[in-house]
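Q: My structure is below; once you've seen it, I'll send some questions.
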Amino acid sequence: MTEYIPPEMKERYEKAKRLIENSDDIKIYSHTDCDGISSGAILSCILDRLGKKFEIEIVNLDVLENVPIEHELTIFSDLGSGQPIDKNAKEDSKIIVLDHHPPLRGEDYYKTVDYEYLEINPYFYGINGSQKICGGGMCYLLSKEFGYNDLSWIGILAAIGDIQNGKTGKLEGLNRSILKDAKEEGLVNIIENDLSLYGRQSRPLYVALSYFTDVKIFANDDEKKRNEALDLLKSLNINTWDEKNDMALRACDLNQKDKNKLIKALILRISQLIPPRYAVHIPKLVMGESYEFAKEEKYTFLRDASEFSTAMNACVRNERPKVALKLLELTIKRNEYLLSNDLNDMQDIEGDRAVVLDELEGISKEHRAYLAQNIQRVGESDAIIQKDNLQYFDGEGIRSNVVGTIAGMILSYGDWRKPIIAFTQVSEENQDLKISLRCSKLLAYDGVHFGSIIREVAQSLGGNGGGHDVACGAYIPNEERDNFLDLMNERLEGRLVLD
Ligand SMILES: [Mn+2]
């Protein structure tokens, strides 16, 4: 699998660089998620450093249909390949698309239009855009063209936010080459053969362990599951208290010997709970590579790529993308000073960043409270309804941009052998249903791609959908709800191992 940029792709990057250098009035559209924010931050930094005048807007995919093309140059990042973005292009328009989603238009589309159109998409070169490179990575390759390798860490943040490591537990292909750059810049540490737990910097180890989700190994109740996780650690003679810092030990502090002990114990426990057919996939659930941002303080969410990406998502899901962009902008500046050892202006940067971090902390708190409140509501009632091959709950009242997050967290209350589906109204103005599906990675490892299935089912009902194998979604007309559930249930017949 190639880690190198194909020459035809490289040529397009060189052309993109020239287009940017020759334009003065630029507009960026980027996507409302961690990958999109990362993409937007990289592009903004490039344009800033070049002294260009530009605007950036973080948008949902549905606004792209009739998006105005009014600037000298319009750049679409982490979106655009799958939407009719150039409807309003004029003869003197210039458009660049940097996306990693399956493209609607072909590689040679530019030959058929009378304006400047430059699309760079990994699928044109046989590179899988869901595993080998994401939107942020595509934008990083552009910044590399300008010599800005210090932005490589954002490519890693974007890739983790986009779950590009989902299949194998580590970053591969072009993502790997970006990782190499980030390591060379001294901005990212790679932790190989790590225990895959979320919250490795900021949560106590036993808490992080208690939230292990793919296969349910602990109780639902928060206090119970924490105690069970503590008991497991104690039974393995793994220390849970950091004497030196007088605080609970974190997953990032575990030595390899203790990690291996815990990995072995988890594999054993899970293997006793699942059909033998899945056993071969268990190591991928509990082990993987972790990525740390080397210039960030230990025990903060900023140091762990996965935790950092959650904070980015909390901002966009609460309609505060500017806070996320600002944090990335200030972190780029902070790294600049740290890398150049010019510490004179550091205090100002740290001060500004502290203000943004405060704001972000508020958003994250609110976000967590909102999630917890809804999870409790759904989890405590008999809201999860079982069908033969799936389970679902009515997420009425849950904001459509977090219904997927909540479905993922509710999965541990239900039956991990089946996917969980949640639905809620798209918005106050739009009566359509937003559907989210989440499932254990084991089902995907076994070869079921829910993103493709949900797309086909939604399309057959006059809607649309798609996404990852284990996390995907759809939009369908409100009245098709029951048909959707029936069709999904039918399509999954015989595909899942239920006992
Ligand atoms: Mn993306």
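Simple scheme: letters A, B, ... for chains in structure tokens order, numbers from 1 for residues in each chain, numbers from 1 for ligands in the order shown.
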Sorted by chain and rising residue number, which residues of chain A lie within 7 Å of ligand 1, and what are their closest atom pairs and distances in Å to one decimal, counting only C-alpha atoms and all ligand atoms, as JSON lines?

A:
```
{"residue": "A:Asp35", "atom": "CA", "partner": "ligand 1", "partner_atom_place_in_ligand_line": "1 (Mn)", "distance": 4.8}
{"residue": "A:Gly36", "atom": "CA", "partner": "ligand 1", "partner_atom_place_in_ligand_line": "1 (Mn)", "distance": 6.1}
{"residue": "A:Asp78", "atom": "CA", "partner": "ligand 1", "partner_atom_place_in_ligand_line": "1 (Mn)", "distance": 4.9}
{"residue": "A:His100", "atom": "CA", "partner": "ligand 1", "partner_atom_place_in_ligand_line": "1 (Mn)", "distance": 6.6}
{"residue": "A:Cys134", "atom": "CA", "partner": "ligand 1", "partner_atom_place_in_ligand_line": "1 (Mn)", "distance": 5.3}
{"residue": "A:Gly135", "atom": "CA", "partner": "ligand 1", "partner_atom_place_in_ligand_line": "1 (Mn)", "distance": 4.8}
{"residue": "A:Asp162", "atom": "CA", "partner": "ligand 1", "partner_atom_place_in_ligand_line": "1 (Mn)", "distance": 5.7}
```

Q: What's the 8 Å shell around His31 (chain A), counting only C-alpha atoms, without same-chain residues fewer than 2 positions away, as a PDB file with N, CA and C atoms, in the first residue's frame?

A:
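Heads up, here's the output in result25.pdb:
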```
ATOM      1  N   TYR A  29     -15.172  26.778   2.004  1.00  0.00           N
ATOM      2  CA  TYR A  29     -16.283  26.056   2.614  1.00  0.00           C
ATOM      3  C   TYR A  29     -15.732  24.745   3.157  1.00  0.00           C
ATOM      4  N   ASP A  33     -17.496  18.927  10.938  1.00  0.00           N
ATOM      5  CA  ASP A  33     -17.030  17.896  11.872  1.00  0.00           C
ATOM      6  C   ASP A  33     -15.539  18.107  12.127  1.00  0.00           C
ATOM      7  N   ASP A  35     -12.924  16.617  11.103  1.00  0.00           N
ATOM      8  CA  ASP A  35     -12.130  16.591   9.877  1.00  0.00           C
ATOM      9  C   ASP A  35     -12.284  17.905   9.100  1.00  0.00           C
ATOM     10  N   GLY A  36     -13.528  18.372   9.008  1.00  0.00           N
ATOM     11  CA  GLY A  36     -13.788  19.614   8.281  1.00  0.00           C
ATOM     12  C   GLY A  36     -13.153  20.823   8.949  1.00  0.00           C
ATOM     13  N   ILE A  37     -13.232  20.869  10.272  1.00  0.00           N
ATOM     14  CA  ILE A  37     -12.617  21.965  11.027  1.00  0.00           C
ATOM     15  C   ILE A  37     -11.097  21.932  10.837  1.00  0.00           C
ATOM     16  N   ILE A  58     -18.152  27.154   7.852  1.00  0.00           N
ATOM     17  CA  ILE A  58     -18.278  25.718   8.165  1.00  0.00           C
ATOM     18  C   ILE A  58     -19.736  25.351   7.922  1.00  0.00           C
ATOM     19  N   VAL A  59     -19.971  24.441   6.997  1.00  0.00           N
ATOM     20  CA  VAL A  59     -21.356  24.205   6.553  1.00  0.00           C
ATOM     21  C   VAL A  59     -21.761  22.731   6.575  1.00  0.00           C
ATOM     22  N   ASN A  60     -23.078  22.513   6.622  1.00  0.00           N
ATOM     23  CA  ASN A  60     -23.631  21.172   6.421  1.00  0.00           C
ATOM     24  C   ASN A  60     -23.747  20.908   4.928  1.00  0.00           C
ATOM     25  N   LEU A  61     -23.759  19.632   4.583  1.00  0.00           N
ATOM     26  CA  LEU A  61     -23.752  19.261   3.166  1.00  0.00           C
ATOM     27  C   LEU A  61     -24.952  19.816   2.396  1.00  0.00           C
ATOM     28  N   SER A  77     -13.388  22.064   1.178  1.00  0.00           N
ATOM     29  CA  SER A  77     -12.545  21.050   1.806  1.00  0.00           C
ATOM     30  C   SER A  77     -13.386  20.086   2.636  1.00  0.00           C
ATOM     31  N   ASP A  78     -13.025  18.816   2.602  1.00  0.00           N
ATOM     32  CA  ASP A  78     -13.721  17.738   3.297  1.00  0.00           C
ATOM     33  C   ASP A  78     -15.174  17.599   2.826  1.00  0.00           C
ATOM     34  N   LEU A  79     -15.500  18.241   1.749  1.00  0.00           N
ATOM     35  CA  LEU A  79     -16.817  18.108   1.126  1.00  0.00           C
ATOM     36  C   LEU A  79     -16.671  18.620  -0.299  1.00  0.00           C
TER      37      LEU A  79
END
```

Q: Would you work out the distance separating CA of Ser30 (chain A) from CA of Phe76 (chain A), expressed in Å to one decimal?

A: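 Those two atoms sit 5.9 Å apart.
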
Q: Taking 5 positions as the minimum chain separation for residues in the same chain, which residues sit within 12 Å of Gly362 (chain A) when counting only C-alpha atoms? Answer as a PyMOL selection string.

A: chain A and resi 311+314-315+318+320+323+355-357+367-369

Q: Take the residues that were just selected and, keeping N, CA and C atoms, output them as a tab-separated table (two decimals), in the first residue's frame.

A:
```tsv
chain	number	residue	atom	x	y	z
A	311	ALA	N	-13.33	16.92	21.45
A	311	ALA	CA	-13.58	18.32	21.80
A	311	ALA	C	-13.94	19.13	20.55
A	314	ALA	N	-17.48	18.33	19.78
A	314	ALA	CA	-18.41	18.96	20.73
A	314	ALA	C	-18.70	20.40	20.28
A	315	CYS	N	-17.67	21.10	19.80
A	315	CYS	CA	-17.86	22.48	19.32
A	315	CYS	C	-18.82	22.53	18.14
A	318	ASN	N	-22.43	21.74	18.78
A	318	ASN	CA	-23.13	22.79	19.52
A	318	ASN	C	-23.08	24.12	18.77
A	320	ARG	N	-20.67	25.82	17.50
A	320	ARG	CA	-19.63	26.78	17.86
A	320	ARG	C	-18.32	26.45	17.13
A	323	VAL	N	-14.96	28.41	17.76
A	323	VAL	CA	-14.13	28.13	18.94
A	323	VAL	C	-13.10	27.05	18.58
A	355	VAL	N	-8.10	31.40	27.25
A	355	VAL	CA	-9.45	31.94	27.10
A	355	VAL	C	-10.30	31.00	26.24
A	356	VAL	N	-9.72	30.56	25.11
A	356	VAL	CA	-10.45	29.66	24.22
A	356	VAL	C	-10.71	28.32	24.90
A	357	LEU	N	-9.72	27.84	25.66
A	357	LEU	CA	-9.90	26.55	26.35
A	357	LEU	C	-11.00	26.62	27.39
A	367	HIS	N	-22.24	19.88	26.54
A	367	HIS	CA	-22.41	18.78	25.60
A	367	HIS	C	-22.56	17.45	26.36
A	368	ARG	N	-21.64	17.23	27.31
A	368	ARG	CA	-21.69	15.98	28.08
A	368	ARG	C	-22.99	15.87	28.87
A	369	ALA	N	-23.42	17.00	29.43
A	369	ALA	CA	-24.65	16.98	30.22
A	369	ALA	C	-25.85	16.64	29.32
```

Q: Tell me, in Å to one decimal, how far CA of Ile476 (chain A) is from CA of Val316 (chain A).

A: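 CA of Val316 (chain A) lies at a distance of 23.2 Å from CA of Ile476 (chain A).
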
Q: Determine the nearest neighbour of Asp394 (chain A) from the options A:Arg12, A:Arg481, A:Lys224, A:Arg105, counting only C-alpha atoms.

A: A:Arg481

Q: Could you pull out the strand (DSSP E or B) residues of region 354-464 of chain A, going by DSSP on the backbone, and write them as a ChimeraX atom specification?

A: /A:385-386,391-394,420-425,433-438,464

Q: For a quick check of understanding, using only C-alpha atoms, which of A:Asn374, A:Ser235, A:Ser196, A:Gly161 has the smallest distance to Ser309 (chain A)?

A: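 Under the stated criterion, the closest residue is A:Gly161.
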
Q: Could you check the closest approach to Val457 (chain A) for each of A:Asp304, A:Glu91, A:Glu292, A:Glu490 and tell me which residue wins, using only C-alpha atoms?

A: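 Going through A:Asp304, A:Glu91, A:Glu292, A:Glu490 one by one, the smallest distance to Val457 (chain A) is for A:Glu490.
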
Q: Near region 284-288 of chain A, counting only C-alpha atoms, which residues have an atom at most 8 Å away, once you skip same-chain residues fewer than 4 positions from it, shown as a list of chain:residue names?

A: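 In the requested form, the answer reads A:Thr168, A:Gly169, A:Lys170, A:Glu192, A:Asn193, A:Asp194, A:Leu195, A:Ser196, A:Leu197, A:Asp214, A:Ile263, A:Leu266, A:Ile267, A:Lys441, A:Leu442.
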
Q: Go through A:Gly155, A:Pro276, A:Gly166, A:Gly80 one by one, measure the shortest atom-to-atom distance of each to Tyr445 (chain A) using only C-alpha atoms, and give the residue with the smallest value.

A: A:Gly166

Q: Using DSSP secondary structure from the backbone, list all alpha helix (DSSP H) positions within region 349-408 of chain A, as a PyMOL selection string.

A: chain A and resi 349-380+403-408

Q: Atoms to include: N, CA and C atoms. Write the selected residues as a short mmCIF file (atom, residue, chain, number, x, y, z; two decimals), in the first residue's frame.

A:
```cif
data_model
loop_
_atom_site.label_atom_id
_atom_site.label_comp_id
_atom_site.auth_asym_id
_atom_site.auth_seq_id
_atom_site.Cartn_x
_atom_site.Cartn_y
_atom_site.Cartn_z
N ILE A 349 0.29 34.08 23.64
CA ILE A 349 -0.38 32.95 23.00
C ILE A 349 -1.04 32.06 24.06
N GLU A 350 -0.28 31.76 25.11
CA GLU A 350 -0.83 30.91 26.18
C GLU A 350 -2.07 31.56 26.80
N GLY A 351 -2.01 32.86 26.96
CA GLY A 351 -3.14 33.59 27.54
C GLY A 351 -4.37 33.49 26.65
N ASP A 352 -4.15 33.75 25.35
CA ASP A 352 -5.27 33.66 24.40
C ASP A 352 -5.84 32.25 24.36
N ARG A 353 -4.91 31.29 24.41
CA ARG A 353 -5.37 29.90 24.32
C ARG A 353 -6.16 29.51 25.58
N ALA A 354 -5.73 30.05 26.71
CA ALA A 354 -6.45 29.75 27.95
C ALA A 354 -7.90 30.23 27.87
N VAL A 355 -8.10 31.40 27.25
CA VAL A 355 -9.45 31.94 27.10
C VAL A 355 -10.30 31.00 26.24
N VAL A 356 -9.72 30.56 25.11
CA VAL A 356 -10.45 29.66 24.22
C VAL A 356 -10.71 28.32 24.90
N LEU A 357 -9.72 27.84 25.66
CA LEU A 357 -9.90 26.55 26.35
C LEU A 357 -11.00 26.62 27.39
N ASP A 358 -11.12 27.79 28.03
CA ASP A 358 -12.21 28.00 28.99
C ASP A 358 -13.56 27.88 28.30
N GLU A 359 -13.64 28.56 27.16
CA GLU A 359 -14.88 28.55 26.39
C GLU A 359 -15.21 27.12 25.98
N LEU A 360 -14.18 26.42 25.53
CA LEU A 360 -14.37 25.05 25.06
C LEU A 360 -14.79 24.13 26.20
N GLU A 361 -14.22 24.37 27.36
CA GLU A 361 -14.57 23.57 28.54
C GLU A 361 -16.07 23.72 28.84
N GLY A 362 -16.55 24.95 28.72
CA GLY A 362 -17.97 25.21 28.93
C GLY A 362 -18.83 24.45 27.92
N ILE A 363 -18.41 24.51 26.67
CA ILE A 363 -19.17 23.82 25.62
C ILE A 363 -19.16 22.31 25.87
N SER A 364 -17.98 21.77 26.20
CA SER A 364 -17.86 20.32 26.43
C SER A 364 -18.73 19.87 27.59
N LYS A 365 -18.74 20.69 28.64
CA LYS A 365 -19.56 20.35 29.83
C LYS A 365 -21.03 20.28 29.46
N GLU A 366 -21.45 21.31 28.74
CA GLU A 366 -22.84 21.40 28.31
C GLU A 366 -23.17 20.18 27.43
N HIS A 367 -22.24 19.88 26.54
CA HIS A 367 -22.41 18.78 25.60
C HIS A 367 -22.56 17.45 26.36
N ARG A 368 -21.64 17.23 27.31
CA ARG A 368 -21.69 15.98 28.08
C ARG A 368 -22.99 15.87 28.87
N ALA A 369 -23.42 17.00 29.43
CA ALA A 369 -24.65 16.98 30.22
C ALA A 369 -25.85 16.64 29.32
N TYR A 370 -25.85 17.22 28.12
CA TYR A 370 -26.94 16.95 27.18
C TYR A 370 -26.97 15.48 26.80
N LEU A 371 -25.78 14.93 26.53
CA LEU A 371 -25.69 13.52 26.16
C LEU A 371 -26.16 12.65 27.32
N ALA A 372 -25.64 12.93 28.52
CA ALA A 372 -25.96 12.11 29.68
C ALA A 372 -27.45 12.10 29.96
N GLN A 373 -28.05 13.28 29.85
CA GLN A 373 -29.47 13.44 30.14
C GLN A 373 -30.29 12.57 29.17
N ASN A 374 -29.93 12.60 27.90
CA ASN A 374 -30.69 11.83 26.91
C ASN A 374 -30.40 10.34 27.00
N ILE A 375 -29.16 10.00 27.34
CA ILE A 375 -28.82 8.58 27.47
C ILE A 375 -29.58 7.97 28.63
N GLN A 376 -29.66 8.74 29.70
CA GLN A 376 -30.38 8.25 30.86
C GLN A 376 -31.85 8.03 30.52
N ARG A 377 -32.41 9.00 29.79
CA ARG A 377 -33.82 8.94 29.41
C ARG A 377 -34.09 7.69 28.57
N VAL A 378 -33.24 7.47 27.57
CA VAL A 378 -33.45 6.31 26.70
C VAL A 378 -33.05 5.02 27.41
N GLY A 379 -31.92 5.05 28.10
CA GLY A 379 -31.38 3.85 28.71
C GLY A 379 -32.21 3.28 29.84
N GLU A 380 -32.90 4.18 30.56
CA GLU A 380 -33.63 3.70 31.74
C GLU A 380 -35.03 3.21 31.42
N VAL A 403 -27.71 12.72 17.54
CA VAL A 403 -28.45 11.46 17.71
C VAL A 403 -27.52 10.26 17.47
N GLY A 404 -26.54 10.43 16.58
CA GLY A 404 -25.57 9.35 16.32
C GLY A 404 -24.68 9.09 17.52
N THR A 405 -24.18 10.16 18.13
CA THR A 405 -23.34 10.03 19.32
C THR A 405 -24.10 9.28 20.40
N ILE A 406 -25.37 9.66 20.58
CA ILE A 406 -26.18 9.03 21.62
C ILE A 406 -26.45 7.57 21.28
N ALA A 407 -26.73 7.28 20.02
CA ALA A 407 -26.94 5.88 19.61
C ALA A 407 -25.70 5.04 19.96
N GLY A 408 -24.54 5.59 19.69
CA GLY A 408 -23.29 4.88 19.97
C GLY A 408 -23.15 4.56 21.45
#
```

Q: Have a look at CA of Ser39 (chain A) and CA of Glu329 (chain A) and let me know their distance in Å, one decimal.

A: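 For CA of Ser39 (chain A) relative to CA of Glu329 (chain A), the distance reads 11.7 Å.
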
Q: Write out as a list in words the residues lying within 12 Å of Ile385 (chain A), counting only C-alpha atoms and excluding same-chain residues fewer than 3 positions away.

A: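 Residues meeting the cut-off are Val378, Gly379, Ser381, Asp382, Asp388, Asn389, Leu390, Gln391, Tyr392, Phe393, Asp394, Tyr413, Gly414, Asp415, Lys418, Pro419, Ile420, Ile421, Ala422 and Leu485 of chain A.
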
Q: Please produce a file of the residues just selected, as an mmCIF file, in the first residue's frame, where the atoms kept are N, CA and C atoms.

A:
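The resulting file, again00.cif, is shown below:
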```cif
data_model
loop_
_atom_site.group_PDB
_atom_site.id
_atom_site.type_symbol
_atom_site.label_atom_id
_atom_site.label_comp_id
_atom_site.auth_asym_id
_atom_site.auth_seq_id
_atom_site.Cartn_x
_atom_site.Cartn_y
_atom_site.Cartn_z
ATOM 1 N N VAL A 378 -33.238 7.468 27.572
ATOM 2 C CA VAL A 378 -33.454 6.313 26.697
ATOM 3 C C VAL A 378 -33.053 5.018 27.410
ATOM 4 N N GLY A 379 -31.919 5.049 28.103
ATOM 5 C CA GLY A 379 -31.376 3.846 28.708
ATOM 6 C C GLY A 379 -32.211 3.283 29.841
ATOM 7 N N SER A 381 -35.563 3.673 30.291
ATOM 8 C CA SER A 381 -36.901 3.213 29.919
ATOM 9 C C SER A 381 -36.746 1.942 29.080
ATOM 10 N N ASP A 382 -37.855 1.419 28.620
ATOM 11 C CA ASP A 382 -37.760 0.265 27.726
ATOM 12 C C ASP A 382 -37.764 0.752 26.298
ATOM 13 N N ASP A 388 -35.625 -8.783 14.708
ATOM 14 C CA ASP A 388 -34.741 -9.944 14.563
ATOM 15 C C ASP A 388 -33.271 -9.552 14.377
ATOM 16 N N ASN A 389 -33.034 -8.607 13.463
ATOM 17 C CA ASN A 389 -31.645 -8.315 13.082
ATOM 18 C C ASN A 389 -31.193 -6.897 13.406
ATOM 19 N N LEU A 390 -32.007 -6.187 14.156
ATOM 20 C CA LEU A 390 -31.596 -4.845 14.561
ATOM 21 C C LEU A 390 -32.371 -4.437 15.798
ATOM 22 N N GLN A 391 -31.955 -3.334 16.401
ATOM 23 C CA GLN A 391 -32.688 -2.766 17.528
ATOM 24 C C GLN A 391 -32.754 -1.268 17.282
ATOM 25 N N TYR A 392 -33.799 -0.645 17.810
ATOM 26 C CA TYR A 392 -33.930 0.788 17.537
ATOM 27 C C TYR A 392 -34.586 1.513 18.697
ATOM 28 N N PHE A 393 -34.419 2.835 18.704
ATOM 29 C CA PHE A 393 -35.171 3.647 19.656
ATOM 30 C C PHE A 393 -35.564 4.967 19.001
ATOM 31 N N ASP A 394 -36.682 5.491 19.497
ATOM 32 C CA ASP A 394 -37.188 6.761 18.989
ATOM 33 C C ASP A 394 -36.460 7.882 19.724
ATOM 34 N N TYR A 413 -26.218 -0.531 26.204
ATOM 35 C CA TYR A 413 -27.382 -0.926 26.993
ATOM 36 C C TYR A 413 -28.179 -2.018 26.286
ATOM 37 N N GLY A 414 -27.940 -2.144 24.977
ATOM 38 C CA GLY A 414 -28.718 -3.084 24.191
ATOM 39 C C GLY A 414 -27.945 -4.362 23.930
ATOM 40 N N ASP A 415 -28.143 -4.909 22.741
ATOM 41 C CA ASP A 415 -27.533 -6.177 22.360
ATOM 42 C C ASP A 415 -26.448 -5.880 21.331
ATOM 43 N N LYS A 418 -26.380 -6.869 17.442
ATOM 44 C CA LYS A 418 -27.168 -6.220 16.393
ATOM 45 C C LYS A 418 -26.810 -4.737 16.338
ATOM 46 N N PRO A 419 -26.974 -4.123 15.163
ATOM 47 C CA PRO A 419 -26.767 -2.677 15.109
ATOM 48 C C PRO A 419 -27.896 -1.969 15.847
ATOM 49 N N ILE A 420 -27.625 -0.762 16.310
ATOM 50 C CA ILE A 420 -28.691 0.036 16.917
ATOM 51 C C ILE A 420 -29.009 1.209 16.002
ATOM 52 N N ILE A 421 -30.284 1.475 15.852
ATOM 53 C CA ILE A 421 -30.737 2.540 14.966
ATOM 54 C C ILE A 421 -31.550 3.529 15.789
ATOM 55 N N ALA A 422 -31.293 4.810 15.579
ATOM 56 C CA ALA A 422 -32.062 5.845 16.270
ATOM 57 C C ALA A 422 -32.577 6.824 15.239
ATOM 58 N N LEU A 485 -37.326 0.481 8.732
ATOM 59 C CA LEU A 485 -36.931 -0.536 9.710
ATOM 60 C C LEU A 485 -37.146 -1.943 9.153
#
```

Q: Rank nothing, just name the residue among A:Thr32, A:Ser81, A:Gln256, A:Ser152 nearest to Ala324 (chain A), using only C-alpha atoms.

A: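 Looking only at the distances to Ala324 (chain A), the closest residue turns out to be A:Thr32.
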
Q: If we count only C-alpha atoms and set the cut-off at 6 Å, which residues sit around Gly465 (chain A), ignoring sequence neighbours fewer than 5 positions away in its own chain? Please answer as a list in words.

A: Arg455, Gly473 and Ala474 of chain A
